[in-house]
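The structure file model37.cif is reproduced below (mmCIF, C-alpha atoms and all ligand atoms).
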data_query
loop_
_atom_site.label_atom_id
_atom_site.label_comp_id
_atom_site.auth_asym_id
_atom_site.auth_seq_id
_atom_site.Cartn_x
_atom_site.Cartn_y
_atom_site.Cartn_z
CA MET H 1 20.18 53.58 -6.93
CA ALA H 2 23.80 52.44 -6.70
CA ASN H 3 24.82 54.08 -9.97
CA SER H 4 23.06 57.35 -9.44
CA SER H 5 26.21 59.40 -8.72
CA GLU H 6 27.77 59.21 -12.17
CA GLY H 7 27.45 62.48 -13.99
CA GLU H 8 26.15 64.33 -10.94
CA ALA H 9 28.02 67.10 -9.19
CA GLY H 10 28.47 67.96 -5.54
CA PRO H 11 29.32 65.78 -2.58
CA VAL H 12 28.39 62.10 -2.81
CA ARG H 13 25.35 61.37 -0.62
CA ALA H 14 26.51 59.10 2.19
CA ALA H 15 24.78 57.04 4.87
CA VAL H 16 26.70 55.98 7.96
CA PHE H 17 25.67 52.74 9.70
CA ALA H 18 26.60 52.57 13.42
CA SER H 19 25.60 50.37 16.36
CA GLY H 20 27.61 52.07 19.09
CA SER H 21 28.96 55.39 20.25
CA GLY H 22 29.78 56.47 16.72
CA SER H 23 33.10 58.24 17.24
CA ASN H 24 34.05 57.35 13.65
CA PHE H 25 30.71 58.75 12.49
CA GLN H 26 31.64 61.94 14.34
CA ALA H 27 35.07 62.03 12.66
CA LEU H 28 33.43 61.60 9.23
CA LEU H 29 31.02 64.42 10.08
CA ASP H 30 33.72 66.72 11.44
CA ARG H 31 35.83 66.46 8.26
CA GLN H 32 33.12 66.43 5.61
CA ASP H 33 33.05 70.17 4.93
CA ASP H 34 36.82 70.46 4.65
CA LEU H 35 37.13 67.41 2.41
CA GLY H 36 34.05 68.21 0.35
CA ALA H 37 33.79 64.83 -1.41
CA TYR H 38 30.92 63.33 0.59
CA GLY H 39 27.97 64.64 2.56
CA ILE H 40 26.34 62.54 5.27
CA VAL H 41 22.57 62.54 4.72
CA LEU H 42 21.57 59.66 7.01
CA LEU H 43 22.66 57.82 10.14
CA LEU H 44 21.24 54.31 10.29
CA SER H 45 21.45 52.09 13.35
CA ASP H 46 20.16 48.69 14.42
CA ARG H 47 19.87 49.92 18.01
CA GLN H 48 17.52 52.46 19.49
CA ASP H 49 20.09 53.29 22.21
CA ALA H 50 23.11 53.80 19.93
CA GLY H 51 25.12 56.87 20.96
CA ALA H 52 25.57 57.63 17.27
CA LEU H 53 21.86 58.56 17.06
CA GLU H 54 22.38 61.33 19.61
CA ARG H 55 25.40 62.59 17.67
CA ALA H 56 23.23 62.63 14.53
CA ARG H 57 20.49 64.57 16.32
CA LYS H 58 23.01 67.19 17.49
CA ALA H 59 24.44 67.52 13.97
CA GLY H 60 21.00 67.76 12.34
CA VAL H 61 21.51 64.53 10.40
CA PRO H 62 18.38 62.34 10.10
CA GLY H 63 18.72 59.18 12.20
CA ARG H 64 16.79 55.98 11.50
CA VAL H 65 16.65 52.66 13.33
CA VAL H 66 16.26 49.51 11.27
CA PRO H 67 16.04 46.60 13.72
CA VAL H 68 17.82 43.38 12.79
CA LYS H 69 17.42 41.05 15.76
CA GLY H 70 14.68 38.43 15.46
CA ARG H 71 13.60 39.45 11.94
CA PRO H 72 13.92 37.56 8.67
CA PRO H 73 16.98 39.01 6.87
CA GLU H 74 14.93 39.75 3.73
CA GLU H 75 12.57 41.93 5.75
CA THR H 76 15.49 43.90 7.23
CA ALA H 77 17.05 44.25 3.79
CA ALA H 78 13.82 45.53 2.23
CA GLU H 79 13.38 48.14 4.96
CA MET H 80 17.02 49.23 4.68
CA LEU H 81 16.83 49.58 0.91
CA ALA H 82 13.64 51.64 1.21
CA VAL H 83 15.28 54.02 3.72
CA LEU H 84 18.43 54.30 1.58
CA GLU H 85 16.31 55.11 -1.44
CA GLU H 86 14.28 57.68 0.52
CA TYR H 87 17.52 59.60 1.20
CA ALA H 88 18.97 58.98 -2.28
CA VAL H 89 22.04 57.42 -0.69
CA GLU H 90 24.98 56.73 -3.02
CA VAL H 91 27.59 55.30 -0.64
CA ILE H 92 27.53 53.68 2.80
CA PHE H 93 30.21 53.97 5.48
CA LEU H 94 30.04 51.41 8.28
CA ALA H 95 31.31 52.87 11.55
CA GLY H 96 31.08 50.32 14.33
CA TYR H 97 28.07 48.60 12.76
CA LEU H 98 28.01 45.21 14.44
CA ARG H 99 25.64 43.43 12.05
CA LEU H 100 26.24 41.75 8.76
CA VAL H 101 24.99 44.00 5.96
CA PRO H 102 22.25 41.98 4.19
CA PRO H 103 23.39 40.55 0.83
CA GLN H 104 20.61 42.40 -0.99
CA VAL H 105 22.06 45.71 0.24
CA VAL H 106 25.66 44.69 -0.59
CA ARG H 107 24.52 43.82 -4.12
CA ALA H 108 22.64 47.12 -4.51
CA PHE H 109 25.83 49.07 -3.60
CA PRO H 110 28.69 47.29 -5.38
CA ARG H 111 32.06 48.71 -4.22
CA ARG H 112 30.11 51.47 -2.54
CA ILE H 113 30.17 50.25 1.06
CA LEU H 114 33.22 50.83 3.25
CA ASN H 115 34.01 49.54 6.72
CA ILE H 116 36.73 50.44 9.17
CA HIS H 117 38.29 47.63 11.18
CA PRO H 118 40.72 48.22 14.07
CA ALA H 119 43.47 45.83 12.90
CA LEU H 120 45.57 45.23 9.80
CA LEU H 121 43.37 42.84 7.82
CA PRO H 122 43.51 40.07 6.81
CA ALA H 123 44.97 39.51 10.30
CA PHE H 124 42.56 39.69 13.25
CA GLY H 125 39.35 39.83 11.24
CA GLY H 126 36.19 37.77 10.84
CA LYS H 127 33.20 36.91 12.98
CA GLY H 128 33.73 37.66 16.67
CA MET H 129 36.68 39.97 15.94
CA TRP H 130 35.31 43.29 17.11
CA GLY H 131 36.07 45.82 19.83
CA HIS H 132 38.41 44.66 22.60
CA HIS H 133 38.52 41.09 21.16
CA VAL H 134 40.64 42.41 18.29
CA HIS H 135 43.14 44.22 20.49
CA GLN H 136 43.32 41.31 22.96
CA ALA H 137 44.19 39.00 20.07
CA VAL H 138 46.86 41.40 18.77
CA LEU H 139 48.49 41.57 22.22
CA ALA H 140 48.25 37.80 22.70
CA THR H 141 50.27 37.16 19.52
CA GLY H 142 52.98 39.66 20.47
CA ALA H 143 52.56 41.63 17.23
CA ALA H 144 54.72 44.78 17.10
CA VAL H 145 52.44 46.62 14.69
CA THR H 146 48.70 46.94 14.34
CA GLY H 147 46.46 49.68 12.91
CA PRO H 148 43.18 50.37 11.13
CA THR H 149 42.02 48.97 7.80
CA VAL H 150 39.40 50.58 5.57
CA HIS H 151 37.96 47.99 3.22
CA PHE H 152 35.07 47.39 0.88
CA VAL H 153 32.21 45.39 2.36
CA GLU H 154 31.21 42.06 0.90
CA GLU H 155 28.71 39.47 2.05
CA GLU H 156 30.92 38.14 4.87
CA TYR H 157 32.69 39.89 7.74
CA ASP H 158 35.97 41.72 6.99
CA THR H 159 36.66 40.06 3.62
CA GLY H 160 36.41 42.77 0.93
CA PRO H 161 39.31 44.43 -0.92
CA ILE H 162 41.42 46.76 1.19
CA LEU H 163 41.27 50.46 0.36
CA ALA H 164 43.56 51.88 3.07
CA GLN H 165 45.64 50.87 6.07
CA TRP H 166 47.84 52.73 8.48
CA PRO H 167 50.38 51.15 10.86
CA VAL H 168 50.24 51.87 14.58
CA PRO H 169 52.90 50.61 17.00
CA VAL H 170 52.10 48.22 19.83
CA ARG H 171 53.98 49.45 22.88
CA ALA H 172 55.40 47.66 25.92
CA GLY H 173 52.80 47.55 28.69
CA ASP H 174 49.85 48.08 26.32
CA THR H 175 46.46 46.81 27.47
CA PRO H 176 43.55 46.26 25.08
CA ASP H 177 42.25 49.68 26.17
CA THR H 178 45.48 51.64 25.59
CA LEU H 179 45.99 49.96 22.25
CA ALA H 180 42.37 50.53 21.22
CA ALA H 181 42.70 54.23 22.02
CA ARG H 182 45.90 54.60 19.94
CA VAL H 183 44.31 52.81 16.97
CA LEU H 184 41.01 54.67 17.29
CA ARG H 185 42.77 58.03 17.08
CA VAL H 186 44.24 56.99 13.74
CA GLU H 187 40.88 55.58 12.58
CA HIS H 188 39.45 59.08 13.01
CA LEU H 189 42.19 60.52 10.78
CA LEU H 190 42.23 57.79 8.14
CA TYR H 191 38.53 57.07 7.59
CA PRO H 192 37.45 60.51 6.31
CA LEU H 193 40.43 60.56 3.92
CA ALA H 194 39.70 57.07 2.57
CA ALA H 195 35.98 57.89 2.28
CA SER H 196 36.81 61.05 0.34
CA HIS H 197 39.22 59.19 -1.90
CA LEU H 198 36.43 56.72 -2.81
CA CYS H 199 33.86 59.48 -3.37
CA ARG H 200 36.16 61.49 -5.58
CA ALA H 201 36.76 58.37 -7.69
CA LEU H 202 33.00 57.71 -7.86
CA ARG H 203 32.35 61.23 -9.11
CA GLU H 204 35.06 60.77 -11.73
CA GLY H 205 33.60 57.39 -12.77
CA ARG H 206 36.72 55.36 -12.02
CA PRO H 207 37.74 52.79 -9.39
CA PRO H 208 39.81 54.22 -6.50
CA GLU H 209 43.48 53.25 -6.23
CA PRO H 210 44.25 51.29 -3.04
CA LEU H 211 46.07 53.55 -0.59
CA ARG H 212 49.31 52.14 0.78
CA PRO H 213 51.39 53.96 3.39
CA PRO H 214 55.09 54.10 2.53
CA GLY H 215 57.17 51.66 4.60
CA GLU H 216 57.28 51.90 8.35
CA CYS H 217 55.64 55.22 9.01
CA PHE H 218 53.98 55.63 12.36
CA ALA H 219 51.96 58.81 12.30
CA VAL H 220 50.88 58.68 15.89
CA LEU H 221 53.26 61.24 17.33
CA GLU H 222 51.78 62.87 20.38
CA ALA H 223 53.53 66.14 19.55
CA HIS H 224 51.38 66.70 16.46
CA ASP H 225 47.97 68.30 16.48
CA GLU H 226 45.16 66.55 14.61
CA SER H 227 45.24 68.79 11.54
CA SER H 228 48.94 68.32 10.90
CA LEU H 229 48.56 64.57 11.43
CA VAL H 230 45.77 64.45 8.86
CA ARG H 231 47.94 66.34 6.40
CA GLN H 232 50.90 64.07 7.13
CA ILE H 233 48.81 60.96 6.48
CA ALA H 234 47.17 62.47 3.41
CA ARG H 235 50.53 63.40 1.95
CA ALA H 236 51.98 59.94 2.62
CA LEU H 237 49.00 58.31 0.92
CA GLY H 238 49.24 60.61 -2.10
CA LEU H 239 46.08 62.47 -1.09
CA ALA H 240 47.59 65.89 -0.41
CA SER H 241 45.12 67.48 -2.81
CA LEU H 242 42.28 66.35 -0.52
CA CYS H 243 43.70 68.62 2.19
CA PRO H 244 44.47 71.89 0.47
CA PHE H 245 45.88 74.81 2.39
CA PRO H 246 44.32 76.76 4.10
CA ARG H 247 41.40 74.50 5.00
CA PHE H 248 43.79 72.19 6.90
CA PRO H 249 46.17 74.75 8.41
C1 LIG X 301 36.05 51.04 15.82
O1 LIG X 301 37.14 50.51 16.50
C2 LIG X 301 36.00 50.48 14.42
O2 LIG X 301 37.25 50.11 13.94
C3 LIG X 301 35.13 49.26 14.60
O3 LIG X 301 34.20 49.58 15.59
C4 LIG X 301 34.71 50.61 16.41
C5 LIG X 301 33.67 51.69 16.35
O4 LIG X 301 33.89 52.68 17.23
N1 LIG X 301 34.51 48.90 13.35
P1 LIG X 301 32.97 53.98 17.18
O5 LIG X 301 31.54 53.54 17.45
O6 LIG X 301 33.13 54.60 15.84
O7 LIG X 301 33.51 54.82 18.29
#

Could you express the structure from this file as structure tokens?
Amino acid sequence: MANSSEGEAGPVRAAVFASGSGSNFQALLDRQDDLGAYGIVLLLSDRQDAGALERARKAGVPGRVVPVKGRPPEETAAEMLAVLEEYAVEVIFLAGYLRLVPPQVVRAFPRRILNIHPALLPAFGGKGMWGHHVHQAVLATGAAVTGPTVHFVEEEYDTGPILAQWPVPVRAGDTPDTLAARVLRVEHLLYPLAASHLCRALREGRPPEPLRPPGECFAVLEAHDESSLVRQIARALGLASLCPFPRFP
């Protein structure tokens, strides 16, 4: 299953795992046609009431719930693997998925599972570091810079190799909510680009280069519209060819 994309053409078949509102899922959906490297074929959640399921329904993407709580991990893993196989999934993007991905699934998708975390790993990661806890911790240490990290998923929380990061300034008077909003906006720009970068590499049968932003470049300038910000980030990361004119005007 995990090696099925080599030699095939067309967008890489992606599943998104989400436990919450799924705004990153939405960002991945909104950019997939322009970027063309991945196509989301499944939304998987551990929660029946996840907002992401409603987004999937509206977008015509199949949504499935695989419960985790109170079940033996092997049972969850077996059900997940069966669903992933049913949809011929080649890569998985975690988008606010608050459960540990079972080791059997991690092993079935080596270097094919990405997560987005709202801080610059390895700082502010690990168990318990999610949502407002992350931003509270950033503010408590007085850090001047934070920002999202896209990384490969391993068998523990937030430990896999980093694929992409983007710095976001912490501003005087920030609360966990204002900081979360500034970081989330950049997550929505960065994740589809990093996901596409991985999928393009998969189709070409090579490992993706880690994406490093040059120096101190804060892309969150309120004056820019989303499309020009995406292009600015893509260009800085060496991904300009992912955003060809005129699809990103
Ligand atoms: C994001 O902050 C992401 O970094 C983290 O969980 C949050 C998910 O938000 N992994 P959403 O459900 O995508 O809106």

- Message: When you count only C-alpha atoms, which of these residues is closest to Asp49 of chain H: H:Val65, H:Leu120, H:Ala144, H:Leu239?
- Response: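 Under the stated criterion, the closest residue is H:Val65.
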
- Surrounding residues as a PyMOL selection string, ligand LIG 301 (chain X), max 7 Å, all atoms listed in the file: chain H and resi 18-25+95-97+115-118+130-131+148+184+187

- Query: Residues at most 10 Å from Pro210 of chain H, counting only C-alpha atoms, excluding those fewer than 2 positions away in the same chain, as a list in words?
  - Reply: Val150, His151, Pro161, Ile162, Leu163, Ala164, Gln165, Ala194, His197, Leu198, Pro207, Pro208, Arg212, Pro213 and Leu237 of chain H

- Task: Determine, counting all atoms listed in the file, which protein, DNA and RNA residues have an atom within 10 Å of an atom of His133 of chain H; residues of the same chain fewer than 4 positions away are not included. Present the result as a PyMOL selection string.
- Result: chain H and resi 124+128-129+137-138+176

Residues from the last selection, C-alpha atoms, saved as a PDB file, keeping the file's coordinate frame:
ATOM      1  CA  PHE H 124      42.560  39.690  13.250  1.00  0.00           C
ATOM      2  CA  GLY H 128      33.730  37.660  16.670  1.00  0.00           C
ATOM      3  CA  MET H 129      36.680  39.970  15.940  1.00  0.00           C
ATOM      4  CA  ALA H 137      44.190  39.000  20.070  1.00  0.00           C
ATOM      5  CA  VAL H 138      46.860  41.400  18.770  1.00  0.00           C
ATOM      6  CA  PRO H 176      43.550  46.260  25.080  1.00  0.00           C
TER       7      PRO H 176
END

- Selection near Gln26 of chain H, 9 Å with only C-alpha atoms, sequence-local residues under 3 positions removed, as a list in words: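 What passes the distance filter is Gly22, Ser23, Leu29, Asp30, Arg31, Ala52, Arg55, Ala56 and His188 of chain H.
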
- Point out the residue among H:Gly125, H:Gly60, H:Gly160, H:Gly36 with the least atom-to-atom distance to Ile113 of chain H, counting only C-alpha atoms. H:Gly160

- So how many Å separate atom CA of Tyr191 of chain H and atom CA of Leu44 of chain H, to one decimal?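 Atom-to-atom, atom CA of Tyr191 of chain H to atom CA of Leu44 of chain H, that is 17.7 Å.
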
- Message: My list of candidates is H:Arg171, H:Pro62, H:Pro67, H:Val230. Which is closest to Gln48 of chain H when distances are computed with only C-alpha atoms?
- Response: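 Comparing H:Arg171, H:Pro62, H:Pro67, H:Val230 against Gln48 of chain H, the winner is H:Pro67.
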
- Message: Considering all atoms listed in the file, can you say which of H:Lys58, H:Arg182, H:Arg99, H:Arg112 comes closest to Thr76 of chain H?
- Response: H:Arg99

- Message: Which residues are near Val170 of chain H? Cut-off 7 Å, only C-alpha atoms, ignore same chain within fewer than 4 positions. Put them as a list of chain:residue names.
- Response: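 The filter keeps H:Ala144, H:Val145, H:Thr146, H:Asp174, H:Leu179.
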
- Quick one: distance from atom CA of Arg13 of chain H to atom CA of Gly39 of chain H in Å, one decimal? 5.3 Å

- Query: If you count all atoms listed in the file, which residues fall within 12 Å of Val105 of chain H, apart from same-chain ones fewer than 6 positions away, as a list in words?
  - Reply: Met1, Ala2, Pro73, Glu74, Glu75, Thr76, Ala77, Ala78, Glu79, Met80, Leu81, Ala82, Val83, Leu84, Glu85, Val89, Glu90, Val91, Ile92, Arg111, Arg112, Ile113, Val153, Glu154 and Glu155 of chain H

- Between atom CA of Val16 of chain H and atom CA of Leu42 of chain H lies a distance of 6.4 Å

Find the smallest box with edges along x, y and z containing every listed atom of segment 196-199 of chain H, then add 3 Å on each side and report centre and edge lengths in Å to one decimal, as AutoDock Vina command-line options.
--center_x 36.5 --center_y 58.9 --center_z -1.5 --size_x 11.4 --size_y 10.3 --size_z 9.7

- Task: Have a look at H:Ile40, H:Ala9, H:Ala50, H:Leu98 and name the one nearest to Gly205 of chain H; count all atoms listed in the file.
- Result: H:Ala9
